[in-house]
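Trainee: So that we are looking at the same thing, I have put the structure below in structure tokens.
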Amino acid sequence: TSSTATASSPTGPLPTNAPLSPGTLTVTLPTAGTTHTETGTGFLLEGATSAQTSTIAVNDYVLQLYKPGKTTWNYIAETGLNNLKKGKNVYVIVARNAKQEILDTMTYTVEYAPE
């Protein structure tokens, strides 16, 4: 018997194309832009994306609550989830379309200095 891959269960490596819609992926909170300094135990990373977006991943973690076509997204970073550590934290965010092609990608850096 043979199995066939479907769009909902991709097999093999994801495409590594140049972004098709550069500039459409942004971070709006906790600080707009590409950098933030955090002193608490965590923060909500929020942003905007193109309506053509099918999935968003942060450091290879695909956001489970993101729905295709939604133009906003968020990601929880906190010490208890082991995705926020003392010092420099780099979050690589990638938006992909239904074909899993890269629409846009960006890097957001957080300096974590707990008080």
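Residues in the structure tokens are numbered from 1 in each chain, the chains being A, B, ... in the order shown, and ligands are numbered from 1 in the order shown.
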With a distance cut-off of 8 Å and only C-alpha atoms, select the neighbouring residues of Ile76 in chain A, excluding the residue or stretch itself and same-chain residues fewer than 4 positions from it, and output the selection as a PyMOL selection string.

Mentor: chain A and resi 42-45

Trainee: Can those selected residues be exported to a file as a PDB file, in the first residue's frame so that it contains C-alpha atoms?

Mentor:
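Output below, filename result_30.pdb:
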ATOM      1  CA  GLY A  42       7.086  36.876  30.298  1.00  0.00           C
ATOM      2  CA  PHE A  43       5.314  38.778  27.559  1.00  0.00           C
ATOM      3  CA  LEU A  44       2.898  38.396  24.674  1.00  0.00           C
ATOM      4  CA  LEU A  45       4.513  38.797  21.257  1.00  0.00           C
TER       5      LEU A  45
END

Trainee: Please run DSSP on the backbone and report, as a ChimeraX atom specification, all residues within range 6-113 of chain A that come out as strand (DSSP E).

Mentor: /A:26-29,35-38,42-48,55-58,61-62,72-78,87-96,102-112

Trainee: Rounded to one decimal, what separation in Å do you get between CA of Lys86 in chain A and CA of Val62 in chain A?

Mentor: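 Interatomic distance here is 23.6 Å.
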
Trainee: Distance CA of Ala18 in chain A-CA of Asp104 in chain A, one decimal place?

Mentor: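 Interatomic distance here is 8.2 Å.
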
Trainee: Using only C-alpha atoms, pick whichever of A:Thr26, A:Asn59, A:Thr105, A:Gln100 has the shortest atom-to-atom distance to Thr72 in chain A.

Mentor: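 Once distances to Thr72 in chain A are computed over only C-alpha atoms, the minimum belongs to A:Thr26.
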
Trainee: Under the rule that only C-alpha atoms are counted, which of A:Met106, A:Pro22, A:Ala32, A:Thr41 is the nearest residue to Asn83 in chain A?

Mentor: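 Looking at the shortest contact to Asn83 in chain A, the residue is A:Thr41.
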
Trainee: At a cut-off of 10 Å, using only C-alpha atoms, what residues contact Thr28 in chain A? Leave out same-chain residues fewer than 2 positions from it and give the result as a list in words.

Mentor: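 With the cut-off at 10 Å, the set is Leu25, Thr26, Pro30, Thr31, Ala32, Gly33, Thr34, Leu45, Glu46, Gly47, Ala48, Thr72, Trp73 and Asn74 of chain A.
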
Trainee: Near Lys70 in chain A, within 9 Å and counting only C-alpha atoms, which residues show up once chain neighbours fewer than 6 positions away are dropped, as a PyMOL selection string?

Mentor: chain A and resi 48-54

Trainee: Would you save the residues of that selection, restricted to C-alpha atoms, as an mmCIF file, in the first residue's frame?

Mentor:
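What ended up in part-v6.cif:
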data_model
loop_
_atom_site.group_PDB
_atom_site.id
_atom_site.type_symbol
_atom_site.label_atom_id
_atom_site.label_comp_id
_atom_site.auth_asym_id
_atom_site.auth_seq_id
_atom_site.Cartn_x
_atom_site.Cartn_y
_atom_site.Cartn_z
ATOM 1 C CA ALA A 48 0.314 41.531 11.881
ATOM 2 C CA THR A 49 0.611 39.504 8.692
ATOM 3 C CA SER A 50 -0.793 39.200 5.175
ATOM 4 C CA ALA A 51 -4.291 37.767 4.595
ATOM 5 C CA GLN A 52 -2.592 35.134 2.384
ATOM 6 C CA THR A 53 -0.928 33.640 5.476
ATOM 7 C CA SER A 54 -1.766 30.012 6.215
#

Trainee: Determine, counting only C-alpha atoms, which protein, DNA and RNA residues have an atom within 12 Å of an atom of Asn17 in chain A; residues of the same chain fewer than 4 positions away are not included. Present the result as a ChimeraX atom specification.

Mentor: /A:13,21-22,94-97,99-105

Trainee: Write out, as a CSV table (one decimal), in the first residue's frame, the residues just selected, with N, CA and C atoms.

Mentor:
chain,number,residue,atom,x,y,z
A,13,PRO,N,11.1,18.4,3.7
A,13,PRO,CA,11.4,19.8,4.2
A,13,PRO,C,10.5,20.8,3.6
A,21,SER,N,6.2,38.1,0.0
A,21,SER,CA,5.6,39.3,0.4
A,21,SER,C,6.4,40.0,1.4
A,22,PRO,N,7.6,40.4,1.1
A,22,PRO,CA,8.4,41.0,2.2
A,22,PRO,C,7.8,42.3,2.8
A,94,VAL,N,8.2,33.2,10.9
A,94,VAL,CA,8.0,32.9,9.5
A,94,VAL,C,6.5,32.7,9.2
A,95,ALA,N,6.0,33.5,8.2
A,95,ALA,CA,4.7,33.3,7.7
A,95,ALA,C,4.7,32.6,6.4
A,96,ARG,N,3.8,31.6,6.3
A,96,ARG,CA,3.8,30.8,5.0
A,96,ARG,C,2.4,30.8,4.5
A,97,ASN,N,2.3,30.6,3.1
A,97,ASN,CA,1.0,30.5,2.5
A,97,ASN,C,0.5,29.0,2.5
A,99,LYS,N,0.6,26.9,0.2
A,99,LYS,CA,1.6,25.9,-0.4
A,99,LYS,C,2.8,25.8,0.5
A,100,GLN,N,2.8,26.4,1.7
A,100,GLN,CA,3.9,26.4,2.6
A,100,GLN,C,5.1,27.2,2.1
A,101,GLU,N,4.9,28.0,1.1
A,101,GLU,CA,6.0,28.9,0.6
A,101,GLU,C,6.1,30.1,1.6
A,102,ILE,N,7.3,30.6,1.8
A,102,ILE,CA,7.5,31.7,2.7
A,102,ILE,C,6.9,33.0,2.1
A,103,LEU,N,6.0,33.6,2.9
A,103,LEU,CA,5.5,34.9,2.5
A,103,LEU,C,6.4,36.0,3.1
A,104,ASP,N,6.8,35.9,4.3
A,104,ASP,CA,7.7,36.8,4.9
A,104,ASP,C,8.4,36.2,6.2
A,105,THR,N,9.5,36.8,6.5
A,105,THR,CA,10.2,36.3,7.7
A,105,THR,C,10.8,37.5,8.4

Trainee: Just how far from CA of Tyr61 in chain A is CA of Leu20 in chain A, in Å to one decimal?

Mentor: 20.9 Å

Trainee: In terms of the shortest atom-to-atom distance over only C-alpha atoms, which of A:Gly40, A:Leu63, A:Ile93, A:Thr16 is closest to Gly80 in chain A?

Mentor: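 Smallest distance to Gly80 in chain A is found for A:Gly40.
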